[in-house]
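Down below is the structure, laid out as structure tokens.
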Protein chains: 2
Amino acid sequence: MQIRIGIYGYGNLGRGVESAIRQNPDMKLVAVFTRRDPNTLKINTPDACVCASSEVESYVGKIDVMILCGGSATDLPEQTPTLARLFSVVDSFDTHARIPAHFANVDAAARGGGHIAMISVGWDPGMFSLNRLIAGTILPDGKDYTFWGKGVSQGHSDAIRRIEGVLDARQYTIPVQSAVDTVRRGETPNLTTREKHTRECFVVAAPGADLAQIEKEIKEMPNYFADYDTTVHFITAEELKRDHSGIPHGGSVIRSGKTGLEGDHTHVIEYSLNLDSNPEFTASVIVAYARAAHRMSLEGTRGCKTVFDVPPAYLSDRSYEELIASLL
Amino acid sequence: MQIRIGIYGYGNLGRGVESAIRQNPDMKLVAVFTRRDPNTLKINTPDACVCASSEVESYVGKIDVMILCGGSATDLPEQTPTLARLFSVVDSFDTHARIPAHFANVDAAARGGGHIAMISVGWDPGMFSLNRLIAGTILPDGKDYTFWGKGVSQGHSDAIRRIEGVLDARQYTIPVQSAVDTVRRGETPNLTTREKHTRECFVVAAPGADLAQIEKEIKEMPNYFADYDTTVHFITAEELKRDHSGIPHGGSVIRSGKTGLEGDHTHVIEYSLNLDSNPEFTASVIVAYARAAHRMSLEGTRGCKTVFDVPPAYLSDRSYEELIASLL
């Protein structure tokens, strides 16, 4: 009996979930829900339906886990609670500061509906969170650092695109190698924002646009760029397409800490990701946690959960005996 | 109310557990049990008792979790089942091939006694196992590699010491850097044992011993050295003490895999440890899992468990609200 999956929202992440499901024979894609006209949407799973999002209620009982693939800014805060009343759901809500509020909303809805809702699944939040938590419990007398990149930040790319005279843009977040090396050696420096990451921007400007003004606006943009050393390159639309159409990302969570009666020994724990496709990797994490959510739901777990609640064995489709014999 | 811990066996690992407990204010060391004469043993925790191992039964009800710090060859196969009848226990049984048999014995004993018994906790088995499991579920179409070192292998050092004419020895396991680099790039080579690790031995020979014969015996020793490129250095006892008295270790679990409809994208997940003291780090992992074992026991969990069963939040002494607000 395969786990029946629904995908709600069919952008980069939704397509990633679709292809991840094909790598997991214990799962089956039942339907993709879209706000667009379903007739205009072509998906890659012949047996699955393409449905209007308004039809979603008619799939109650036909879908075991609904995977929400909308954005964190406006989609998920509304969609996750709404759908958690109807289905077991997994989302990748990634606005760290708003997680507690999202958790509370989703928890009430999921309990009301008698479902499980796993939020903030992906790599950060997600795998990086898990590693911050576990490494911190192993080395309580220590400090952790998260470095992101080199990778594309969609949020920062979008922010540049909103500047007048910009046609398109791609922004890379780049960790400062010397800072990474210092932390890797087990030192625990206090690093400013500027000392941890730099930002590199590739911008396609409209003909006749004021390039100096665009560059100034980028570099001075509060929150996004002002606290960083930022480099701006103006390129053509063709160059952007040719050299910057991928969505790579990654990074590292590094914790170092001391043990021993006098803090005599230093240890470094590092978890690193090097990802060719940010949305496809995020989707792959989500699909593994959808399996766990389904198992936990069958066992009677209700309400909002996160990666912090999942016994790792539940992520796998292999038997427990097989796991301890082959992986432990 | 602190978690009351007992330590059973007071070698390097037991001392590591003792110092790790001091870093975790929600825990308290109640007693150390030893097979030696308790009067000859000096520990570093003034309030804790030093007891003969024969007295252990009198501590039922006074200890929440007993941490077993004996060896995997002969101690734990007997001690873990015996003590799991009396207490919640955690061990670091690390003979991978014998884990299923150990699990079965311990499970029966723990269920018989109405306790939880967490086995094979440490970094390998332990943290490395966890990362093999999770990375494998995220990237099912992939391959993983475990590299150990650079670090001291006690088993290999002991094997050298058993050779005639050897007074003392220290063996380092060293990963082959070019193999690590290849795997880190996302390639999935088939590597032989020889291609993954080399072995470097520092040997103190007895006066007049046949050095060529010792070197030959080391390099040809089946299982331990014959399948590796091994280097042997003869040094003095003073040099061994001066340069090789630490017990560093570490290594990496690296999985790479492909996603996308045509396997278009490659991802690399790496978990790495760089440890100044193998026993103190192992002890720190055990102490975090002892906290989880205690919580799971209070919730009614019984029988043998592993790192694969533990919801990560249970490792921490911080509230769930705090964890999702600060680490997720």
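Identifiers in this document derive from the order of the structure tokens: chains are assigned A, B, ..., residues are numbered from 1 separately in each chain, and ligands are numbered from 1 in order of occurrence.
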Do a neighbour search on stretch 226-233 of chain A at 9 Å with only C-alpha atoms, toss out local chain neighbours closer than 2 positions, and write the hits as number ranges by chain.
A: 192-204, 215, 218-224, 235
Create the file for the chosen residues now, containing C-alpha atoms and written as a tab-separated table (two decimals), in the first residue's frame.
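Result went into part.tsv, see below:
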chain	number	residue	atom	x	y	z
A	192	THR	CA	29.90	40.21	12.57
A	193	THR	CA	27.46	39.76	9.72
A	194	ARG	CA	30.02	41.28	7.37
A	195	GLU	CA	32.73	38.88	8.51
A	196	LYS	CA	30.66	35.78	7.79
A	197	HIS	CA	29.25	36.31	4.29
A	198	THR	CA	29.67	38.43	1.19
A	199	ARG	CA	27.06	39.04	-1.50
A	200	GLU	CA	27.65	38.97	-5.24
A	201	CYS	CA	25.00	40.29	-7.61
A	202	PHE	CA	24.59	39.78	-11.34
A	203	VAL	CA	22.24	42.39	-12.72
A	204	VAL	CA	20.61	42.91	-16.12
A	215	GLU	CA	24.59	49.75	-7.72
A	218	ILE	CA	21.65	47.63	-3.98
A	219	LYS	CA	24.63	48.23	-1.73
A	220	GLU	CA	22.71	50.50	0.62
A	221	MET	CA	19.53	48.43	0.84
A	222	PRO	CA	18.85	47.89	4.56
A	223	ASN	CA	18.60	44.30	5.90
A	224	TYR	CA	19.39	42.80	2.52
A	235	ILE	CA	25.68	41.54	-17.46
Contact check, chain B to chain A, at most 7 Å, counting only C-alpha atoms, closest pairs as JSON lines:
{"residue": "B:Gly16", "atom": "CA", "partner": "A:Gly260", "partner_atom": "CA", "distance": 6.8}
{"residue": "B:Ser19", "atom": "CA", "partner": "A:Leu261", "partner_atom": "CA", "distance": 5.4}
{"residue": "B:Ala20", "atom": "CA", "partner": "A:Thr259", "partner_atom": "CA", "distance": 6.8}
{"residue": "B:Gln23", "atom": "CA", "partner": "A:Pro140", "partner_atom": "CA", "distance": 6.7}
{"residue": "B:His96", "atom": "CA", "partner": "A:Leu328", "partner_atom": "CA", "distance": 7.0}
{"residue": "B:Ile99", "atom": "CA", "partner": "A:Ala325", "partner_atom": "CA", "distance": 6.8}
{"residue": "B:Pro100", "atom": "CA", "partner": "A:Ala325", "partner_atom": "CA", "distance": 6.0}
{"residue": "B:Pro125", "atom": "CA", "partner": "A:Leu328", "partner_atom": "CA", "distance": 5.5}
{"residue": "B:Gly126", "atom": "CA", "partner": "A:Leu328", "partner_atom": "CA", "distance": 6.9}
{"residue": "B:Ser129", "atom": "CA", "partner": "A:Leu328", "partner_atom": "CA", "distance": 4.7}
{"residue": "B:Arg132", "atom": "CA", "partner": "A:Leu327", "partner_atom": "CA", "distance": 6.4}
{"residue": "B:Leu133", "atom": "CA", "partner": "A:Leu327", "partner_atom": "CA", "distance": 6.4}
{"residue": "B:Ile134", "atom": "CA", "partner": "A:Pro312", "partner_atom": "CA", "distance": 6.8}
{"residue": "B:Thr137", "atom": "CA", "partner": "A:Ser316", "partner_atom": "CA", "distance": 5.6}
{"residue": "B:Ile138", "atom": "CA", "partner": "A:Val285", "partner_atom": "CA", "distance": 5.2}
{"residue": "B:Leu139", "atom": "CA", "partner": "A:Ser284", "partner_atom": "CA", "distance": 6.9}
{"residue": "B:Pro140", "atom": "CA", "partner": "A:Gln23", "partner_atom": "CA", "distance": 6.7}
{"residue": "B:Asp141", "atom": "CA", "partner": "A:Gln23", "partner_atom": "CA", "distance": 7.0}
{"residue": "B:Thr259", "atom": "CA", "partner": "A:Glu280", "partner_atom": "CA", "distance": 6.5}
{"residue": "B:Gly260", "atom": "CA", "partner": "A:Ser19", "partner_atom": "CA", "distance": 5.5}
{"residue": "B:Leu261", "atom": "CA", "partner": "A:Ser19", "partner_atom": "CA", "distance": 5.4}
{"residue": "B:His265", "atom": "CA", "partner": "A:Asp276", "partner_atom": "CA", "distance": 5.4}
{"residue": "B:Thr266", "atom": "CA", "partner": "A:Asp276", "partner_atom": "CA", "distance": 5.6}
{"residue": "B:His267", "atom": "CA", "partner": "A:Leu275", "partner_atom": "CA", "distance": 4.5}
{"residue": "B:Val268", "atom": "CA", "partner": "A:Asn274", "partner_atom": "CA", "distance": 5.1}
{"residue": "B:Ile269", "atom": "CA", "partner": "A:Leu273", "partner_atom": "CA", "distance": 4.8}
{"residue": "B:Glu270", "atom": "CA", "partner": "A:Ser272", "partner_atom": "CA", "distance": 5.1}
{"residue": "B:Tyr271", "atom": "CA", "partner": "A:Tyr271", "partner_atom": "CA", "distance": 4.5}
{"residue": "B:Ser272", "atom": "CA", "partner": "A:Glu270", "partner_atom": "CA", "distance": 5.1}
{"residue": "B:Leu273", "atom": "CA", "partner": "A:Ile269", "partner_atom": "CA", "distance": 4.8}
{"residue": "B:Asn274", "atom": "CA", "partner": "A:Val268", "partner_atom": "CA", "distance": 5.1}
{"residue": "B:Leu275", "atom": "CA", "partner": "A:His267", "partner_atom": "CA", "distance": 4.5}
{"residue": "B:Asp276", "atom": "CA", "partner": "A:His265", "partner_atom": "CA", "distance": 5.4}
{"residue": "B:Ser277", "atom": "CA", "partner": "A:His265", "partner_atom": "CA", "distance": 6.3}
{"residue": "B:Glu280", "atom": "CA", "partner": "A:Thr259", "partner_atom": "CA", "distance": 6.5}
{"residue": "B:Ser284", "atom": "CA", "partner": "A:Ile138", "partner_atom": "CA", "distance": 5.3}
{"residue": "B:Val285", "atom": "CA", "partner": "A:Ile138", "partner_atom": "CA", "distance": 5.2}
{"residue": "B:Ala288", "atom": "CA", "partner": "A:Ile138", "partner_atom": "CA", "distance": 6.0}
{"residue": "B:Phe308", "atom": "CA", "partner": "A:Ala313", "partner_atom": "CA", "distance": 5.0}
{"residue": "B:Asp309", "atom": "CA", "partner": "A:Pro311", "partner_atom": "CA", "distance": 4.8}
{"residue": "B:Val310", "atom": "CA", "partner": "A:Pro311", "partner_atom": "CA", "distance": 5.0}
{"residue": "B:Pro311", "atom": "CA", "partner": "A:Pro311", "partner_atom": "CA", "distance": 4.4}
{"residue": "B:Pro312", "atom": "CA", "partner": "A:Phe308", "partner_atom": "CA", "distance": 5.0}
{"residue": "B:Ala313", "atom": "CA", "partner": "A:Phe308", "partner_atom": "CA", "distance": 5.0}
{"residue": "B:Leu315", "atom": "CA", "partner": "A:Thr137", "partner_atom": "CA", "distance": 6.3}
{"residue": "B:Ser316", "atom": "CA", "partner": "A:Thr137", "partner_atom": "CA", "distance": 5.6}
{"residue": "B:Ile324", "atom": "CA", "partner": "A:Pro100", "partner_atom": "CA", "distance": 6.8}
{"residue": "B:Ala325", "atom": "CA", "partner": "A:Pro100", "partner_atom": "CA", "distance": 6.0}
{"residue": "B:Leu327", "atom": "CA", "partner": "A:Ser129", "partner_atom": "CA", "distance": 5.6}
{"residue": "B:Leu328", "atom": "CA", "partner": "A:Ser129", "partner_atom": "CA", "distance": 4.7}
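Residues with any atom within 10 Å of B:Asn105, counting only C-alpha atoms and excluding same-chain neighbours fewer than 6 positions away, are Pro77, Glu78, Thr80, Pro81, Thr82, Ile99 and Cys304 of chain B.
As for atom CA of A:Gln171 and atom CA of A:Pro189, they are spaced 26.9 Å apart.
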My list of candidates is A:Phe93, A:Phe147, A:Tyr172, A:Trp123. Which is closest to A:Pro279 when distances are computed with only C-alpha atoms?
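Result for the nearest residue to A:Pro279: A:Trp123.
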Please, what distance in Å, to one decimal, runs between atom CA of B:Asp210 and atom CA of B:Val152?
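Between these atoms lies a distance of 24.8 Å.
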Extract the full set of alpha helix (DSSP H) residues from stretch 88-313 of chain B according to DSSP on the backbone, and format it as a ChimeraX atom specification.
/B:99-113,127-138,154-161,177-184,193-196,211-220,237-243,278-298
In Å, how far is it from atom CA of B:Ala31 to atom CA of B:Ser153?
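Going from atom CA of B:Ala31 over to atom CA of B:Ser153, I get 29.5 Å.
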